[in-house]
Structure formats: C-alpha cells, structure tokens
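K.L.:
Input data_6.txt, format and content: compact mmCIF, C-alpha atoms.
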# COMPACT_ATOMS: atom_id res chain seq x y z
CA MET A 847 0.11 27.65 5.37
CA PRO A 848 -2.87 28.11 3.07
CA GLU A 849 -2.73 30.56 0.24
CA SER A 850 -5.52 32.69 -1.20
CA ALA A 851 -5.09 34.80 -4.33
CA GLY A 852 -1.32 34.53 -3.97
CA LYS A 853 -1.31 35.87 -0.42
CA MET A 854 -0.31 33.73 2.55
CA VAL A 855 -3.03 33.57 5.20
CA GLU A 856 -2.01 33.48 8.86
CA ARG A 857 -3.98 30.74 10.62
CA THR A 858 -4.95 31.17 14.24
CA SER A 859 -7.26 29.06 16.35
CA THR A 860 -9.53 29.83 19.27
CA GLU A 861 -11.57 27.74 21.67
CA ILE A 862 -15.37 28.07 21.62
CA ARG A 863 -17.94 26.54 23.97
CA PHE A 864 -21.57 25.98 22.99
CA PRO A 865 -24.48 25.25 25.36
CA VAL A 866 -26.24 22.44 23.52
CA TRP A 867 -29.21 20.42 24.78
CA GLY A 868 -28.23 20.80 28.44
CA GLN A 869 -24.52 20.19 27.99
CA THR A 870 -21.44 21.98 26.70
CA ILE A 871 -19.99 21.17 23.31
CA ALA A 872 -16.40 22.31 22.83
CA ALA A 873 -14.89 23.29 19.51
CA ARG A 874 -11.67 24.59 18.01
CA PHE A 875 -12.08 27.33 15.40
CA TRP A 876 -9.49 28.24 12.80
CA ASP A 877 -10.10 31.54 11.05
CA GLY A 878 -9.38 31.88 7.34
CA VAL A 879 -10.53 33.17 4.01
CA VAL A 880 -14.13 32.21 3.29
CA ASP A 881 -14.39 30.68 -0.18
CA ALA A 882 -16.38 32.34 -2.94
CA SER A 883 -19.59 30.68 -1.76
CA GLY A 884 -19.23 32.33 1.64
CA VAL A 885 -19.67 29.03 3.45
CA PRO A 886 -17.47 27.87 6.38
CA ILE A 887 -16.58 24.27 7.24
CA ILE A 888 -17.89 22.32 10.24
CA ALA A 889 -15.57 19.36 10.89
CA LEU A 890 -16.62 16.17 12.70
CA HIS A 891 -13.96 13.76 13.98
CA GLY A 892 -13.90 9.99 14.32
CA TRP A 893 -14.67 7.68 17.24
CA LEU A 894 -12.42 8.33 20.27
CA ASP A 895 -10.66 11.19 18.43
CA ASN A 896 -11.24 14.92 18.97
CA ALA A 897 -11.13 18.29 17.22
CA ASN A 898 -7.33 18.13 16.90
CA SER A 899 -7.89 15.46 14.28
CA PHE A 900 -8.31 18.34 11.83
CA ALA A 901 -5.31 20.43 12.89
CA PRO A 902 -3.12 19.22 9.99
CA LEU A 903 -5.80 20.02 7.40
CA ALA A 904 -6.53 23.40 9.00
CA GLU A 905 -3.01 24.51 8.07
CA LEU A 906 -3.64 23.65 4.42
CA LEU A 907 -7.19 24.83 3.71
CA ASN A 908 -8.36 28.40 3.23
CA ASN A 909 -11.83 28.10 4.69
CA PRO A 910 -12.68 28.91 8.30
CA ILE A 911 -12.95 25.55 10.06
CA LEU A 912 -14.97 24.83 13.18
CA ALA A 913 -13.92 21.42 14.49
CA ILE A 914 -16.29 20.07 17.12
CA ASP A 915 -15.45 17.73 19.99
CA ALA A 916 -18.36 15.31 19.85
CA ALA A 917 -20.16 14.69 23.15
CA GLY A 918 -18.01 12.50 25.37
CA HIS A 919 -14.84 13.38 23.45
CA GLY A 920 -12.12 15.98 23.95
CA TYR A 921 -13.26 18.95 26.02
CA SER A 922 -17.00 18.42 25.45
CA ASP A 923 -19.28 17.27 28.26
CA HIS A 924 -20.30 13.66 28.53
CA ARG A 925 -23.94 12.73 28.05
CA PRO A 926 -25.99 12.76 31.28
CA GLU A 927 -24.83 10.23 33.86
CA GLN A 928 -26.50 6.82 33.73
CA ALA A 929 -28.03 7.59 30.34
CA ALA A 930 -27.40 5.55 27.22
CA THR A 931 -25.41 7.26 24.48
CA HIS A 932 -26.81 7.19 20.96
CA TYR A 933 -24.99 7.82 17.69
CA ILE A 934 -27.96 9.65 16.21
CA ASP A 935 -27.88 12.32 18.96
CA HIS A 936 -24.77 13.82 17.39
CA VAL A 937 -26.96 15.07 14.53
CA ARG A 938 -28.92 17.50 16.66
CA ASP A 939 -25.68 18.67 18.32
CA VAL A 940 -24.20 19.64 14.95
CA VAL A 941 -27.31 21.56 13.93
CA ALA A 942 -27.43 23.34 17.31
CA VAL A 943 -23.81 24.44 16.94
CA ALA A 944 -24.49 25.74 13.43
CA ASP A 945 -27.51 27.64 14.75
CA ALA A 946 -25.41 29.16 17.54
CA GLN A 947 -22.94 30.39 14.93
CA GLY A 948 -25.76 31.83 12.83
CA TRP A 949 -24.75 29.67 9.87
CA GLU A 950 -27.75 28.97 7.67
CA GLN A 951 -25.48 27.05 5.30
CA PHE A 952 -22.18 25.31 5.82
CA ILE A 953 -19.83 22.72 4.38
CA LEU A 954 -19.62 19.48 6.36
CA LEU A 955 -16.31 17.63 6.70
CA GLY A 956 -16.35 14.30 8.54
CA HIS A 957 -13.94 11.48 9.25
CA SER A 958 -15.03 7.92 10.08
CA MET A 959 -17.73 8.28 12.79
CA GLY A 960 -17.90 11.96 11.91
CA ALA A 961 -18.44 11.03 8.27
CA GLY A 962 -21.41 8.94 9.29
CA VAL A 963 -22.87 11.78 11.34
CA ALA A 964 -22.21 14.23 8.51
CA CYS A 965 -24.16 12.03 6.09
CA LEU A 966 -27.14 11.95 8.47
CA VAL A 967 -27.05 15.75 8.88
CA ALA A 968 -26.79 16.31 5.11
CA ALA A 969 -29.72 13.98 4.48
CA THR A 970 -31.93 15.40 7.23
CA PHE A 971 -31.17 19.08 6.56
CA PRO A 972 -30.27 19.16 2.84
CA GLU A 973 -31.01 22.86 2.49
CA ARG A 974 -28.27 23.69 5.01
CA VAL A 975 -25.38 21.55 3.78
CA GLN A 976 -23.84 23.17 0.74
CA ARG A 977 -21.18 20.51 0.16
CA LEU A 978 -20.36 17.27 1.94
CA LEU A 979 -16.79 16.01 2.40
CA VAL A 980 -16.38 12.57 3.98
CA ILE A 981 -13.17 10.69 4.73
CA GLU A 982 -13.08 6.96 5.42
CA GLY A 983 -16.80 6.70 6.02
CA LEU A 984 -20.11 6.78 4.13
CA GLY A 985 -23.04 6.64 6.50
CA PRO A 986 -23.05 5.15 10.01
CA PRO A 987 -22.46 1.49 10.91
CA ALA A 988 -25.48 -0.78 10.61
CA THR A 989 -26.92 -3.66 12.62
CA ALA A 990 -28.67 -6.47 10.77
CA GLU A 991 -32.31 -6.94 11.63
CA ASP A 992 -31.70 -10.42 13.06
CA LYS A 993 -29.01 -9.06 15.42
CA VAL A 994 -30.83 -6.13 17.04
CA ALA A 995 -32.07 -8.03 20.13
CA GLU A 996 -28.62 -9.52 20.70
CA SER A 997 -27.03 -6.07 20.37
CA LEU A 998 -29.44 -4.46 22.83
CA ARG A 999 -28.79 -7.22 25.39
CA LYS A 1000 -25.03 -6.73 24.98
CA ALA A 1001 -25.36 -2.97 25.46
CA ILE A 1002 -27.47 -3.26 28.62
CA ASP A 1003 -25.13 -5.86 30.11
CA GLY A 1004 -22.19 -3.59 29.30
CA MET A 1005 -23.79 -0.59 31.00
CA ALA A 1006 -24.49 -2.65 34.11
CA ALA A 1007 -20.85 -3.79 34.31
CA LEU A 1008 -19.34 -0.37 33.57
CA PRO A 1009 -19.01 0.81 37.24
CA LEU A 1010 -16.61 -2.08 37.86
CA LYS A 1011 -14.26 -1.02 35.07
CA ARG A 1012 -11.46 1.53 35.25
CA LYS A 1013 -9.77 3.47 32.48
CA PRO A 1014 -6.11 2.69 31.86
CA VAL A 1015 -3.57 4.98 33.54
CA TYR A 1016 -0.29 5.87 31.82
CA PRO A 1017 2.79 7.15 33.66
CA SER A 1018 3.35 9.91 31.09
CA LYS A 1019 1.75 11.64 28.13
CA GLU A 1020 4.37 10.00 25.94
CA ALA A 1021 3.31 6.55 27.10
CA ALA A 1022 -0.34 7.38 26.38
CA ALA A 1023 0.55 8.62 22.89
CA GLU A 1024 2.47 5.42 22.21
CA ALA A 1025 -0.57 3.39 23.26
CA ARG A 1026 -2.78 5.52 21.00
CA THR A 1027 -0.75 4.54 17.93
CA GLY A 1028 -2.20 1.05 18.31
CA GLY A 1029 -5.81 2.25 18.15
CA PHE A 1030 -8.30 1.52 15.40
CA GLY A 1031 -6.68 1.78 11.98
CA GLY A 1032 -3.23 2.57 13.36
CA LEU A 1033 -1.74 6.02 13.81
CA ASP A 1034 1.73 7.55 13.56
CA ILE A 1035 3.24 8.94 16.73
CA ALA A 1036 3.02 12.61 15.66
CA SER A 1037 -0.72 12.27 15.03
CA ALA A 1038 -1.21 10.37 18.29
CA VAL A 1039 0.53 13.16 20.21
CA LYS A 1040 -1.77 15.71 18.56
CA LEU A 1041 -4.88 13.80 19.64
CA CYS A 1042 -3.51 13.31 23.15
CA GLU A 1043 -3.12 17.07 23.59
CA ARG A 1044 -6.90 17.26 23.76
CA GLY A 1045 -7.72 13.74 24.84
CA LEU A 1046 -5.88 13.26 28.14
CA GLU A 1047 -6.52 14.33 31.72
CA LYS A 1048 -4.40 14.08 34.89
CA THR A 1049 -5.36 11.44 37.38
CA ASP A 1050 -3.84 9.63 40.34
CA GLY A 1051 -0.70 7.91 39.15
CA GLY A 1052 -0.45 9.56 35.77
CA TRP A 1053 -2.67 10.28 32.78
CA THR A 1054 -5.87 8.77 31.45
CA TRP A 1055 -8.36 9.43 28.64
CA ARG A 1056 -10.96 12.19 28.90
CA THR A 1057 -13.35 10.24 26.71
CA ASP A 1058 -16.61 8.92 28.12
CA ALA A 1059 -16.13 5.23 28.99
CA ARG A 1060 -19.60 4.51 27.59
CA LEU A 1061 -18.29 5.19 24.09
CA ARG A 1062 -16.62 1.78 24.15
CA LEU A 1063 -19.86 -0.07 24.89
CA ALA A 1064 -21.96 -1.78 22.26
CA SER A 1065 -24.61 0.49 20.75
CA SER A 1066 -28.11 -0.05 22.12
CA LEU A 1067 -29.70 0.34 18.71
CA ARG A 1068 -28.27 1.16 15.31
CA LEU A 1069 -29.87 1.79 11.95
CA SER A 1070 -30.41 -1.05 9.52
CA GLU A 1071 -28.69 -1.05 6.14
CA ALA A 1072 -32.02 -0.27 4.46
CA GLN A 1073 -32.51 2.77 6.69
CA ILE A 1074 -28.98 3.97 5.93
CA GLU A 1075 -29.72 3.65 2.23
CA GLY A 1076 -32.72 5.90 2.76
CA PHE A 1077 -30.55 8.56 4.38
CA LEU A 1078 -27.82 8.39 1.75
CA ARG A 1079 -30.31 8.68 -1.10
CA ALA A 1080 -31.68 11.85 0.56
CA ILE A 1081 -28.33 13.68 0.35
CA ALA A 1082 -28.68 16.54 -2.12
CA SER A 1083 -25.33 18.33 -1.87
CA PRO A 1084 -22.28 17.68 -4.05
CA THR A 1085 -20.43 14.99 -2.11
CA LEU A 1086 -16.78 13.94 -2.01
CA LEU A 1087 -15.63 10.67 -0.47
CA ILE A 1088 -11.90 10.22 0.22
CA VAL A 1089 -10.70 6.75 1.19
CA GLY A 1090 -7.29 5.44 2.22
CA GLU A 1091 -5.90 2.61 0.15
CA GLN A 1092 -4.81 0.94 3.38
CA GLY A 1093 -7.90 2.06 5.30
CA MET A 1094 -11.50 0.92 5.64
CA GLY A 1095 -12.45 2.39 2.30
CA GLY A 1096 -9.53 0.74 0.57
CA SER A 1097 -10.79 -2.63 1.76
CA GLY A 1098 -14.13 -1.99 0.04
CA LEU A 1099 -16.07 -1.94 3.30
CA PHE A 1100 -18.73 0.47 2.03
CA ASP A 1101 -18.38 0.14 -1.74
CA HIS A 1102 -21.94 -1.19 -1.89
CA ARG A 1103 -23.17 2.22 -0.65
CA LEU A 1104 -21.47 4.31 -3.34
CA ALA A 1105 -24.40 4.13 -5.77
CA TRP A 1106 -26.80 5.43 -3.10
CA VAL A 1107 -25.33 8.96 -3.14
CA ASN A 1108 -26.31 10.85 -6.27
CA GLY A 1109 -23.32 12.20 -8.20
CA LEU A 1110 -20.78 11.04 -5.60
CA THR A 1111 -17.12 11.81 -6.31
CA VAL A 1112 -14.70 9.20 -4.95
CA LYS A 1113 -10.95 9.71 -4.53
CA ARG A 1114 -8.62 6.96 -3.33
CA LEU A 1115 -5.32 8.08 -1.82
CA PRO A 1116 -2.33 6.33 -0.25
CA GLY A 1117 -2.82 6.12 3.49
CA ARG A 1118 -4.44 4.41 6.43
CA HIS A 1119 -7.65 5.20 8.27
CA HIS A 1120 -6.33 8.56 9.56
CA LEU A 1121 -4.94 9.67 6.22
CA HIS A 1122 -6.30 13.21 6.82
CA MET A 1123 -3.67 13.47 9.57
CA GLU A 1124 -0.87 11.32 8.16
CA ASN A 1125 -1.23 12.41 4.52
CA ALA A 1126 -2.84 15.81 5.04
CA ALA A 1127 -1.26 17.54 2.02
CA ALA A 1128 -2.74 15.07 -0.47
CA VAL A 1129 -6.15 15.16 1.24
CA ALA A 1130 -6.15 18.97 1.30
CA GLU A 1131 -5.31 19.11 -2.39
CA VAL A 1132 -8.24 16.86 -3.28
CA ILE A 1133 -10.63 18.83 -1.04
CA THR A 1134 -9.51 22.18 -2.46
CA SER A 1135 -9.97 20.97 -6.04
CA PHE A 1136 -13.42 19.62 -5.26
CA LEU A 1137 -14.54 22.83 -3.53
CA ASN A 1138 -13.28 24.94 -6.44
CA GLU A 1139 -14.97 22.72 -9.00
CA THR A 1140 -18.34 22.73 -7.23
CA LEU A 1141 -18.68 26.41 -6.35
CA GLU A 1142 -22.25 27.54 -6.79
Step by step, read the file and then write its structure as structure tokens.

P.N.:
Amino acid sequence: MPESAGKMVERTSTEIRFPVWGQTIAARFWDGVVDASGVPIIALHGWLDNANSFAPLAELLNNPILAIDAAGHGYSDHRPEQAATHYIDHVRDVVAVADAQGWEQFILLGHSMGAGVACLVAATFPERVQRLLVIEGLGPPATAEDKVAESLRKAIDGMAALPLKRKPVYPSKEAAAEARTGGFGGLDIASAVKLCERGLEKTDGGWTWRTDARLRLASSLRLSEAQIEGFLRAIASPTLLIVGEQGMGGSGLFDHRLAWVNGLTVKRLPGRHHLHMENAAAVAEVITSFLNETLE
C-alpha cells in the first residue's frame, strides 16, 4: 500500500468509459493522494497489454492513476471495421480522455508502445504534460525511408488476408495465461494472469483474446527516425526513462535517442521488458524519487 505523510492510503479502483472520436475508450482509475503539484497520472500500456499492466504500480504509488485501455485492447472498442489502425491515432485519444477528465495538466506514464505514445503526446502538447515517465521505450518504432513502400505493401496484403485468419482458442483461462508468458519480452505467470483478467473473452470452445486482430498486422506507415528525433527534441517536461537490464533498453535498442531528450534521467534496473509488473517495487521507488525531486 502507498504511504503519504506517514498515513496508509487505501487504494480502490473504478471503471470509467469515455466516448472518444466515435468509439468508447475504457480505463481503470485508482484513487489516491494527489502529489504536491496537484497533477494525476495517465498511464499508457504496451502493445497487446491492457490497463491491468499498471495494477502492481498502482498499489505502490500515491498519485491517482488513470490507466487507459488503448483502442483495440482490453475493454476499449476496436477501431472502425475495415479501417486501418494507426499508431499515431492513440495521441488524440489520450488528449480526449484528459479533456473529458478536465485535466489541463497531467503526468504521463507509459510502457513500451505506451511510452512511444506518451513521448508523442508530450512533444505535441508540452504545456499539458508536467512530467513524463517512460518504461522500456523512448519514442515509437521507426521505418527506414527505403522500406516504407515495402511496409505499406505488407500491411495491405495482411489486411486482405485477415478475414481468413482466426484467433487462437484456449480451453481455460489458465491455458491462455500460460501462453501469454511466452509473449514479447517474456512474462511471469502472475503478471500474465493479471493481463488475462482484462484481455480474454469467452468464445465457442473456450477463451480467446479481446484484442483487435489488426494489431498484429504490419503498420501501414510509421515515422522515420528523423521525424522521431524531431518529436523527442520537442519534449519540454522533466523526463524519466526506466529500462530493464534484460529488456529492450538493456540491449541498447534506443540508446542513440537518449541525447534527443533534454535533461533526460535514465535509470537501469534488474528486470525484463515488463519490469513494471515483475519488479514493481523497484520501479515505484525510482518513480517516487523522481517525482519528489522534480516538483514544481
């Protein structure tokens, strides 16, 4: 449980639904003690994860946390049928949710894909993001200029073939959770179970994923590395990057981007890609110290 001024704070969570750009965005909200800056946290999960990704941290941080299910994930609606899905569309969803909450300023917390989205939001709306916290991600993935035509062709071919594909069906939730441990970056069984609580739906013969099948297709068009540099250099808020020593950050995947964020603080911790779930106590300690040190 989090502690504020020596007093234990009881954490509860509620479900919230937001009408956003013609669809519903779901979120899980944990109440708490707003820090001295009066700014709550909006949390953005990774690819194929959901708002439960932040449940372990929510038990260890004081701030109110609004964890969003990105479109096509968790309990949120999928993008319109037959439409392409674009990474950059998540940016306007985040801003719309903040507007619905009446939050002129907020702290952004993102993991992996969510870290990339958080960087784009912080760069595009710098006056609204008071502090930026990113885990295992610094900006979105890029496509080299000489690969964009090939990538678009792959995406269109994938969309055309999608009606012929079927999601896997598992005989039990336990079997689905076991399969989830083998996902990107690896995941312990307790964390996989937590994600499955929000990520599964009943179907004929068992259980399958709620996630939009289009999320597994190649992206139609992604930013170039030069464009990503432009976004990262536009970030004005104090920024903390946490990487797992056995994760993407630990492998140095985006070390070349570190110099693009002014005054970036980098912390390397033991853990894999989902270290905010598997090593939540250490991550929470680093986040709390950073927030306390950068109070305005």

K.L.:
Excluding same-chain residues fewer than 6 positions from Leu1041 of chain A, what lies within 7 Å of it counting all atoms listed in the file, as a list in words?

P.N.:
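Near neighbours after the sequence-gap exclusion: Asp895, Asn896, Asn898 and Ser899 of chain A.
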
K.L.:
Quick one: everything within 7 Å of Leu955 of chain A, counting all atoms listed in the file, minus sequence neighbours fewer than 6 positions away in the same chain. Send it as a list in words.

P.N.:
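Listed by chain and then number, they are Ile887, Ile888, Ala889, Leu890, Leu978, Leu979 and Val980 of chain A.
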
K.L.:
For each of A:Ser958, A:Thr1057, A:Ser1018, A:Ser1135, take the minimum atom-to-atom distance to Arg1118 of chain A, counting only C-alpha atoms, then give the residue where this is smallest.

P.N.:
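Smallest distance to Arg1118 of chain A is found for A:Ser958.
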
K.L.:
Could you list, as a list in words, every residue within 8 Å of Gly1090 of chain A, counting only C-alpha atoms and ignoring same-chain residues fewer than 4 positions away?

P.N.:
Glu982, Met1094, Gly1095, Gly1096, Arg1114, Leu1115, Pro1116, Gly1117, Arg1118, His1119 and Leu1121 of chain A

K.L.:
Print the selection's residues with C-alpha atoms to a file, as a PDB file, in the coordinates of the input.

P.N.:
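selection_4.pdb was written with the following content:
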ATOM      1  CA  GLU A 982     -13.080   6.960   5.420  1.00  0.00           C
ATOM      2  CA  MET A1094     -11.500   0.920   5.640  1.00  0.00           C
ATOM      3  CA  GLY A1095     -12.450   2.390   2.300  1.00  0.00           C
ATOM      4  CA  GLY A1096      -9.530   0.740   0.570  1.00  0.00           C
ATOM      5  CA  ARG A1114      -8.620   6.960  -3.330  1.00  0.00           C
ATOM      6  CA  LEU A1115      -5.320   8.080  -1.820  1.00  0.00           C
ATOM      7  CA  PRO A1116      -2.330   6.330  -0.250  1.00  0.00           C
ATOM      8  CA  GLY A1117      -2.820   6.120   3.490  1.00  0.00           C
ATOM      9  CA  ARG A1118      -4.440   4.410   6.430  1.00  0.00           C
ATOM     10  CA  HIS A1119      -7.650   5.200   8.270  1.00  0.00           C
ATOM     11  CA  LEU A1121      -4.940   9.670   6.220  1.00  0.00           C
TER      12      LEU A1121
END

K.L.:
Of the residues A:Thr1140, A:Gln869, A:Asn1108, A:Gln976, which is the one nearest to Ala1080 of chain A, using all atoms listed in the file?

P.N.:
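Comparing A:Thr1140, A:Gln869, A:Asn1108, A:Gln976 against Ala1080 of chain A, the winner is A:Asn1108.
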
K.L.:
Tell me, as a list of chain:residue names, which residues lie within 6 Å of segment 904-920 of chain A, counting all atoms listed in the file; anything in the same chain fewer than 5 positions away does not count.

P.N.:
A:Met847, A:Pro848, A:Ala872, A:Ala873, A:Arg874, A:Phe875, A:Trp876, A:Asp877, A:Gly878, A:Val879, A:Val880, A:Pro886, A:Ile887, A:Ile888, A:Ala889, A:Leu890, A:Asn896, A:Ala897, A:Arg1044, A:Gly1045, A:Thr1057, A:Asp1058
